[in-house]
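Asker: Coordinates in model-v1.cif, mmCIF, C-alpha atoms, are listed below.
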```cif
data_query
#
loop_
_atom_site.label_atom_id
_atom_site.label_comp_id
_atom_site.auth_asym_id
_atom_site.auth_seq_id
_atom_site.Cartn_x
_atom_site.Cartn_y
_atom_site.Cartn_z
CA MET A 1 0.00 0.00 0.00
CA PRO A 2 1.33 3.47 -0.83
CA LEU A 3 2.30 5.66 2.09
CA VAL A 4 -0.23 8.31 1.11
CA TYR A 5 -3.19 6.08 1.97
CA TYR A 6 -1.87 5.53 5.46
CA LEU A 7 -1.25 9.25 5.90
CA LEU A 8 -4.78 10.12 4.78
CA LEU A 9 -6.26 7.43 7.04
CA SER A 10 -4.39 8.64 10.08
CA ALA A 11 -5.32 12.23 9.25
CA LEU A 12 -8.97 11.17 9.24
CA LEU A 13 -8.57 9.36 12.55
CA PHE A 14 -6.84 12.39 14.03
CA GLY A 15 -9.67 14.61 12.77
CA ILE A 16 -12.26 12.33 14.38
CA GLY A 17 -10.29 12.58 17.62
CA VAL A 18 -10.26 16.38 17.44
CA ALA A 19 -14.00 16.37 16.76
CA GLY A 20 -14.50 14.14 19.81
CA VAL A 21 -12.54 16.48 22.05
CA LEU A 22 -14.46 19.50 20.80
CA LEU A 23 -17.94 17.97 20.67
CA ARG A 24 -18.16 15.81 23.76
CA ARG A 25 -18.43 17.12 27.30
CA ASN A 26 -17.87 13.90 29.20
CA ALA A 27 -14.27 14.12 30.42
CA ILE A 28 -13.71 10.38 30.01
CA VAL A 29 -14.85 10.40 26.37
CA ILE A 30 -12.66 13.46 25.75
CA PHE A 31 -9.80 11.45 27.18
CA MET A 32 -10.56 8.53 24.88
CA SER A 33 -10.56 10.92 21.92
CA ILE A 34 -7.08 12.05 22.95
CA GLU A 35 -6.02 8.40 22.92
CA LEU A 36 -7.44 8.12 19.41
CA MET A 37 -5.32 11.08 18.29
CA LEU A 38 -2.20 9.53 19.82
CA ASN A 39 -2.93 6.33 17.94
CA ALA A 40 -3.40 8.18 14.66
CA VAL A 41 0.08 9.66 15.12
CA ASN A 42 1.43 6.20 15.98
CA LEU A 43 0.04 4.93 12.68
CA THR A 44 1.94 7.62 10.76
CA PHE A 45 5.10 6.69 12.66
CA VAL A 46 4.79 3.02 11.70
CA ALA A 47 3.83 3.86 8.11
CA PHE A 48 6.89 6.08 7.72
CA ALA A 49 9.05 3.42 9.37
CA ALA A 50 7.86 0.88 6.80
CA HIS A 51 8.28 3.37 3.97
CA PHE A 52 11.83 4.40 4.86
CA LYS A 53 12.73 0.88 6.02
CA ASN A 54 13.94 2.29 9.32
CA LEU A 55 13.11 0.84 12.70
CA GLU A 56 13.43 4.09 14.62
CA GLY A 57 9.85 5.01 13.86
CA GLN A 58 8.75 1.89 15.70
CA ILE A 59 10.99 2.81 18.63
CA PHE A 60 9.19 6.14 18.80
CA VAL A 61 5.84 4.37 18.82
CA PHE A 62 7.11 2.46 21.85
CA PHE A 63 7.91 5.71 23.66
CA VAL A 64 4.58 7.24 22.67
CA MET A 65 2.88 4.22 24.25
CA VAL A 66 4.88 4.71 27.46
CA ALA A 67 3.89 8.38 27.59
CA ALA A 68 0.25 7.48 26.86
CA ALA A 69 0.18 4.88 29.64
CA ALA A 70 1.55 7.36 32.19
CA GLU A 71 -0.83 10.02 30.92
CA VAL A 72 -3.84 7.72 31.24
CA ALA A 73 -2.91 6.75 34.79
CA VAL A 74 -2.54 10.35 35.94
CA GLY A 75 -5.47 11.65 33.90
CA LEU A 76 -7.93 9.06 35.14
CA ALA A 77 -6.76 9.68 38.71
CA LEU A 78 -7.47 13.37 38.13
CA ILE A 79 -10.93 12.58 36.78
CA VAL A 80 -11.67 10.37 39.81
CA ALA A 81 -10.44 13.11 42.17
CA ILE A 82 -12.57 15.75 40.44
CA PHE A 83 -15.58 13.44 40.48
CA ARG A 84 -15.24 12.97 44.24
CA VAL A 85 -15.42 16.71 44.76
CA GLU A 86 -17.85 17.81 42.07
CA GLN A 87 -19.96 14.64 41.57
CA THR A 88 -19.74 15.14 37.82
CA VAL A 89 -17.39 14.51 34.92
CA PHE A 90 -18.99 16.93 32.48
CA VAL A 91 -16.41 19.51 31.64
CA ASP A 92 -18.81 22.44 31.39
CA GLU A 93 -20.07 21.81 34.92
CA ILE A 94 -16.53 21.90 36.29
CA ASN A 95 -15.43 25.49 36.67
CA LEU A 96 -12.89 25.39 39.48
CA MET A 97 -10.51 27.63 37.58
CA LYS A 98 -13.09 30.16 36.44
CA TRP A 99 -12.79 33.52 38.16
CA MET B 1 -3.60 -0.17 -8.02
CA ALA B 2 -3.67 -3.91 -8.28
CA ILE B 3 -6.19 -5.73 -6.14
CA ASN B 4 -4.27 -7.99 -3.81
CA LEU B 5 -4.73 -9.28 -0.30
CA GLN B 6 -2.89 -6.35 1.25
CA SER B 7 -5.09 -3.68 -0.30
CA VAL B 8 -8.26 -5.63 0.49
CA LEU B 9 -7.17 -5.91 4.12
CA PHE B 10 -6.18 -2.25 4.17
CA PHE B 11 -9.62 -1.10 3.08
CA LEU B 12 -11.34 -3.56 5.39
CA PHE B 13 -9.37 -2.32 8.40
CA SER B 14 -9.87 1.29 7.27
CA VAL B 15 -13.64 0.91 7.22
CA ILE B 16 -13.61 -0.80 10.63
CA ALA B 17 -11.29 1.79 12.19
CA LEU B 18 -13.08 4.85 10.83
CA GLY B 19 -16.56 3.50 11.50
CA ALA B 20 -15.76 2.52 15.06
CA ALA B 21 -14.01 5.86 15.68
CA VAL B 22 -17.06 7.79 14.48
CA MET B 23 -19.32 5.62 16.61
CA MET B 24 -17.03 6.23 19.57
CA ILE B 25 -17.46 10.00 19.51
CA LEU B 26 -21.18 9.81 18.70
CA HIS B 27 -22.38 7.20 21.16
CA ARG B 28 -23.95 8.62 24.26
CA ASN B 29 -23.03 5.87 26.67
CA PRO B 30 -19.33 6.05 27.68
CA VAL B 31 -19.11 2.26 28.04
CA TYR B 32 -20.04 1.81 24.38
CA SER B 33 -17.58 4.56 23.47
CA ALA B 34 -14.83 2.60 25.19
CA ILE B 35 -15.79 -0.62 23.41
CA TYR B 36 -15.83 1.13 20.01
CA LEU B 37 -12.40 2.54 20.79
CA ILE B 38 -11.18 -1.00 21.49
CA VAL B 39 -12.49 -2.03 18.04
CA THR B 40 -10.57 0.86 16.48
CA LEU B 41 -7.42 -0.16 18.34
CA PHE B 42 -7.67 -3.73 17.07
CA ALA B 43 -8.02 -2.44 13.51
CA LEU B 44 -4.90 -0.34 14.07
CA ALA B 45 -3.07 -3.46 15.25
CA GLY B 46 -4.05 -5.00 11.91
CA PHE B 47 -2.42 -2.05 10.12
CA TYR B 48 0.76 -2.57 12.12
CA VAL B 49 0.90 -6.19 11.00
CA LEU B 50 0.39 -5.07 7.39
CA LEU B 51 3.26 -2.60 7.85
CA ASN B 52 5.75 -5.29 8.94
CA ALA B 53 5.67 -4.28 12.59
CA PRO B 54 4.63 -7.39 14.56
CA PHE B 55 6.29 -6.22 17.79
CA VAL B 56 4.45 -2.90 17.72
CA ALA B 57 1.20 -4.71 16.89
CA SER B 58 1.46 -7.09 19.83
CA VAL B 59 2.54 -4.40 22.30
CA HIS B 60 -0.28 -2.23 21.00
CA VAL B 61 -2.88 -4.93 21.67
CA ILE B 62 -1.45 -5.72 25.11
CA VAL B 63 -0.93 -2.16 26.32
CA TYR B 64 -3.75 -0.27 24.61
CA ALA B 65 -6.56 -2.72 24.01
CA GLY B 66 -5.61 -4.59 27.18
CA ALA B 67 -4.32 -2.40 29.95
CA ILE B 68 -5.37 1.14 29.07
CA MET B 69 -8.89 0.36 27.93
CA VAL B 70 -9.50 -1.87 30.94
CA LEU B 71 -8.45 1.08 33.09
CA PHE B 72 -10.95 3.26 31.26
CA LEU B 73 -13.74 0.73 31.76
CA PHE B 74 -12.86 0.37 35.43
CA VAL B 75 -13.07 4.12 35.96
CA ILE B 76 -16.36 4.35 34.05
CA MET B 77 -17.84 1.62 36.24
CA LEU B 78 -16.27 3.10 39.40
CA LEU B 79 -17.89 6.45 38.76
CA ASN B 80 -21.20 4.75 37.88
CA LEU B 81 -21.94 7.18 35.08
CA LYS B 82 -25.41 7.32 33.74
CA GLN B 83 -26.20 8.08 30.14
CA ASP B 84 -25.09 11.50 29.14
CA PRO B 85 -27.74 14.20 29.18
CA ILE B 86 -29.48 15.21 26.01
CA ARG B 87 -27.37 18.30 25.55
CA GLU B 88 -24.17 16.25 25.77
CA ARG B 89 -22.94 17.28 22.37
CA GLY B 90 -23.39 20.96 23.00
CA LYS B 91 -25.26 23.75 21.35
CA ILE B 92 -25.52 24.17 17.61
CA ALA B 93 -22.95 26.98 17.53
CA ARG B 94 -20.51 24.82 19.45
CA ARG B 95 -20.98 21.89 17.10
CA ALA B 96 -20.58 24.14 14.06
CA PHE B 97 -17.38 25.55 15.54
CA ALA B 98 -16.02 22.06 16.20
CA LEU B 99 -16.84 20.90 12.68
CA LEU B 100 -15.24 24.03 11.23
CA ILE B 101 -12.01 23.35 13.14
CA VAL B 102 -11.97 19.73 12.00
CA VAL B 103 -12.66 20.62 8.36
CA VAL B 104 -9.89 23.22 8.35
CA LEU B 105 -7.46 20.75 9.93
CA LEU B 106 -8.33 18.01 7.44
CA ALA B 107 -8.12 20.47 4.54
CA GLU B 108 -4.60 21.44 5.63
CA ILE B 109 -3.48 17.83 5.82
CA GLY B 110 -5.28 17.04 2.57
CA VAL B 111 -3.49 19.87 0.77
CA LEU B 112 -0.13 18.74 2.12
CA VAL B 113 -0.58 15.03 1.42
CA GLY B 114 -2.79 15.26 -1.66
CA GLY B 115 -0.55 17.92 -3.20
CA SER B 116 2.41 15.61 -3.07
CA LEU B 117 0.22 12.81 -4.40
CA LEU B 118 -0.84 14.85 -7.44
CA THR B 119 2.53 16.27 -8.36
CA GLY B 120 4.25 12.99 -7.70
CA ASP B 121 6.98 14.39 -5.46
CA GLY B 122 7.18 14.90 -1.74
CA VAL B 123 6.59 12.03 0.64
CA ALA B 124 5.67 9.48 -1.97
CA ALA B 125 8.87 9.86 -3.97
CA THR B 126 11.44 10.66 -1.31
CA SER B 127 14.40 8.37 -1.47
CA PRO B 128 13.95 5.37 0.81
CA ALA B 129 17.67 5.45 1.55
CA VAL B 130 17.28 8.50 3.80
CA GLY B 131 16.45 6.51 6.89
CA LEU B 132 19.28 4.05 6.63
CA ALA B 133 21.93 6.30 8.15
CA ASN B 134 22.25 4.19 11.28
CA GLY B 135 22.15 0.93 9.41
CA SER B 136 19.46 -0.13 11.84
CA ALA B 137 17.45 -2.20 9.40
CA ASP B 138 18.14 -4.47 6.51
CA SER B 139 16.70 -2.68 3.50
CA THR B 140 15.87 -5.80 1.52
CA ASN B 141 14.15 -7.76 4.25
CA PHE B 142 12.56 -5.22 6.54
CA VAL B 143 10.59 -6.59 9.47
CA GLY B 144 10.32 -4.86 12.83
CA SER B 145 11.02 -8.04 14.72
CA THR B 146 11.34 -8.09 18.48
CA ALA B 147 15.04 -8.92 18.26
CA ALA B 148 15.83 -6.01 15.93
CA ILE B 149 13.82 -3.55 18.02
CA GLY B 150 15.42 -4.87 21.21
CA MET B 151 18.91 -4.38 19.81
CA LEU B 152 18.10 -0.81 18.78
CA LEU B 153 16.29 -0.03 22.03
CA PHE B 154 19.05 -1.29 24.32
CA LYS B 155 21.95 0.06 22.26
CA ASP B 156 21.08 3.43 20.78
CA TYR B 157 18.04 4.30 22.89
CA ILE B 158 19.07 3.02 26.31
CA LEU B 159 18.94 6.47 27.95
CA PRO B 160 15.43 7.32 26.66
CA PHE B 161 14.39 3.82 27.70
CA GLU B 162 15.53 4.43 31.28
CA ILE B 163 13.92 7.86 31.33
CA ALA B 164 10.68 6.26 30.13
CA SER B 165 10.81 3.86 33.06
CA VAL B 166 11.23 6.80 35.45
CA LEU B 167 8.28 8.48 33.72
CA LEU B 168 6.14 5.42 34.36
CA LEU B 169 7.20 5.41 38.01
CA VAL B 170 6.27 9.08 38.34
CA GLY B 171 2.93 8.29 36.69
CA ILE B 172 2.19 5.48 39.14
CA VAL B 173 3.10 7.57 42.20
CA GLY B 174 1.19 10.58 40.90
CA ALA B 175 -1.92 8.52 40.20
CA VAL B 176 -1.88 6.99 43.69
CA ILE B 177 -1.38 10.36 45.38
CA LEU B 178 -4.06 12.06 43.30
CA ALA B 179 -6.62 9.33 43.86
CA LYS B 180 -5.94 8.99 47.59
CA ARG B 181 -5.81 12.63 48.62
CA LYS B 182 -8.70 14.11 50.53
CA LEU B 183 -10.06 16.94 48.47
CA THR B 184 -12.33 19.71 49.64
CA SER B 185 -14.42 21.79 47.33
#
```
Rewrite the structure of this file - the entire thing - as structure tokens.

Answerer:
Amino acid sequence: MPLVYYLLLSALLFGIGVAGVLLRRNAIVIFMSIELMLNAVNLTFVAFAAHFKNLEGQIFVFFVMVAAAAEVAVGLALIVAIFRVEQTVFVDEINLMKW
Amino acid sequence: MAINLQSVLFFLFSVIALGAAVMMILHRNPVYSAIYLIVTLFALAGFYVLLNAPFVASVHVIVYAGAIMVLFLFVIMLLNLKQDPIRERGKIARRAFALLIVVVLLAEIGVLVGGSLLTGDGVAATSPAVGLANGSADSTNFVGSTAAIGMLLFKDYILPFEIASVLLLVGIVGAVILAKRKLTS
């Protein structure tokens, strides 16, 4: 498969992720959309690695996964902490930082 | 383009991935959103296999579809979320704004990628020899096998590897502290 198809596919996936972040108000679904965007970028990394016959793209995917795992752990802990205070996960009902 | 197994699988996985991703952001119940995201992640693992990256595919299934999505489902069940309210997706103006942003973003990427596709230069025609500076992969028989990735990871990328492990440790400690702390509103 030509590289361009993979690039267009991951662009579409990234766009769907952006739409999810902007449209949804449930913090957990927003978080899942961010995961989708990270995965779209991972797909471009692997596609470029296959195209240039270079393994370093796959190494970077590995590090992106590590960062995503740490991010998910901290982010979900934040969501749980906010839920215990506010009793909601809808981002427009959480206005702690609004002055 | 010739019709072969690879292109058939590519389009099959593309349809699955895009359809499940759209369903993920449109479904009102977060549990279904998580399950659709898992479907998307499995389709992406299929792409990784097509792209000669079996190690990345297996790690992707284990870490993403396994660990991370289970964590999501646990938190959804822990918080006992009901279905999202009717106005979940926001007002019309907000939706229009979101769609505008997405269309602009996709148009930018489309111009960049499609432009190089039409003129025949750019990404599609760049010399494949560019990436071989480190001699990390055999150019004739390229497979991202576990052994090859392990050699690269523990030789050239040993410092980032160790830093990544520290990052994971910080993530674990931070998650425990954040979830345990008594918060007052």

Asker: For chain A versus chain B, which residues have an atom no more than 7 Å away, and what is each residue's nearest atom pair and distance in Å rounded to one decimal, using all atoms listed in the file, chain-then-number order, as a tab-separated table?

Answerer:
```
residue	atom	partner	partner_atom	distance
A:Met1	CA	B:Ser7	CA	6.3
A:Leu3	CA	B:Ala124	CA	6.5
A:Val4	CA	B:Val113	CA	6.7
A:Ala11	CA	B:Leu106	CA	6.8
A:Leu13	CA	B:Leu18	CA	6.6
A:Gly15	CA	B:Val102	CA	5.7
A:Ile16	CA	B:Val22	CA	6.6
A:Val18	CA	B:Val102	CA	6.6
A:Ala19	CA	B:Ala98	CA	6.1
A:Gly20	CA	B:Ile25	CA	5.1
A:Leu22	CA	B:Ala98	CA	5.5
A:Leu23	CA	B:Arg89	CA	5.3
A:Arg24	CA	B:Arg89	CA	5.2
A:Arg25	CA	B:Glu88	CA	6.0
A:Val29	CA	B:Pro30	CA	6.4
A:Val46	CA	B:Tyr48	CA	6.9
A:Ala47	CA	B:Leu51	CA	6.5
A:Ala50	CA	B:Leu51	CA	5.9
A:His51	CA	B:Pro128	CA	6.8
A:Phe52	CA	B:Pro128	CA	4.7
A:Lys53	CA	B:Ser139	CA	5.9
A:Asn54	CA	B:Gly131	CA	5.5
A:Leu55	CA	B:Ala137	CA	6.2
A:Gln58	CA	B:Val56	CA	6.7
A:Ile59	CA	B:Leu153	CA	6.9
A:Val66	CA	B:Ala164	CA	6.6
A:Ala69	CA	B:Ile68	CA	6.7
A:Ala70	CA	B:Gly171	CA	4.8
A:Ala73	CA	B:Ala175	CA	5.8
A:Val74	CA	B:Ala175	CA	4.7
A:Ala77	CA	B:Ala179	CA	5.2
A:Leu78	CA	B:Leu178	CA	6.3
A:Val80	CA	B:Ala179	CA	6.6
A:Ala81	CA	B:Ala179	CA	5.6
A:Val85	CA	B:Ser185	CA	5.8
```

Asker: Find the residue from B:Ile38, B:Met151, B:Leu5, B:Ile16 that sits nearest to Met32 in chain A; use only C-alpha atoms when measuring.

Answerer: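 Looking only at the distances to Met32 in chain A, the closest residue turns out to be B:Ile38.
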
Asker: Any chance you could work out the residue set of the PyMOL selection byres ((chain A and resi 34) around 9) here, as a list in words?

Answerer: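 Expected selection for the PyMOL selection byres ((chain A and resi 34) around 9) here is Phe14, Gly17, Val18, Gly20, Val21, Val29, Ile30, Phe31, Met32, Ser33, Glu35, Leu36, Met37, Leu38 and Asn39 of chain A.
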
Asker: As an exercise, work out the distance from CA of Glu71 in chain A to CA of Glu56 in chain A in Å and give it to one decimal place.

Answerer: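 Result for CA of Glu71 in chain A versus CA of Glu56 in chain A: 22.5 Å, one decimal.
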
Asker: Distance CA of Gly57 in chain A-CA of Phe42 in chain B, one decimal place?

Answerer: 19.8 Å

Asker: Taking all atoms of range 65-82 of chain B that the file lists and extending 5 Å past them on each side, where is the centre of the axis-aligned box and how long are its edges? Answer in Å to one decimal, as AutoDock Vina command-line options.

Answerer:
```
--center_x -14.9 --center_y 1.4 --center_z 31.7 --size_x 31.1 --size_y 21.9 --size_z 25.4
```

Asker: Find, counting only C-alpha atoms, the residue in A:Val91, A:Ala40, A:Ile28, A:Leu96 that gets nearest to Tyr6 in chain A.

Answerer: A:Ala40

Asker: Quick one: pull the distance between CA of Ala43 in chain B and CA of Ala20 in chain B, Å, one decimal.

Answerer: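 Those two atoms sit 9.3 Å apart.
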
Asker: Between A:Leu76, A:Leu7, A:Leu12, A:Ala27, which is the closest to Phe48 in chain A once you count all atoms listed in the file?

Answerer: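 Ranking A:Leu76, A:Leu7, A:Leu12, A:Ala27 by distance to Phe48 in chain A, first place goes to A:Leu7.
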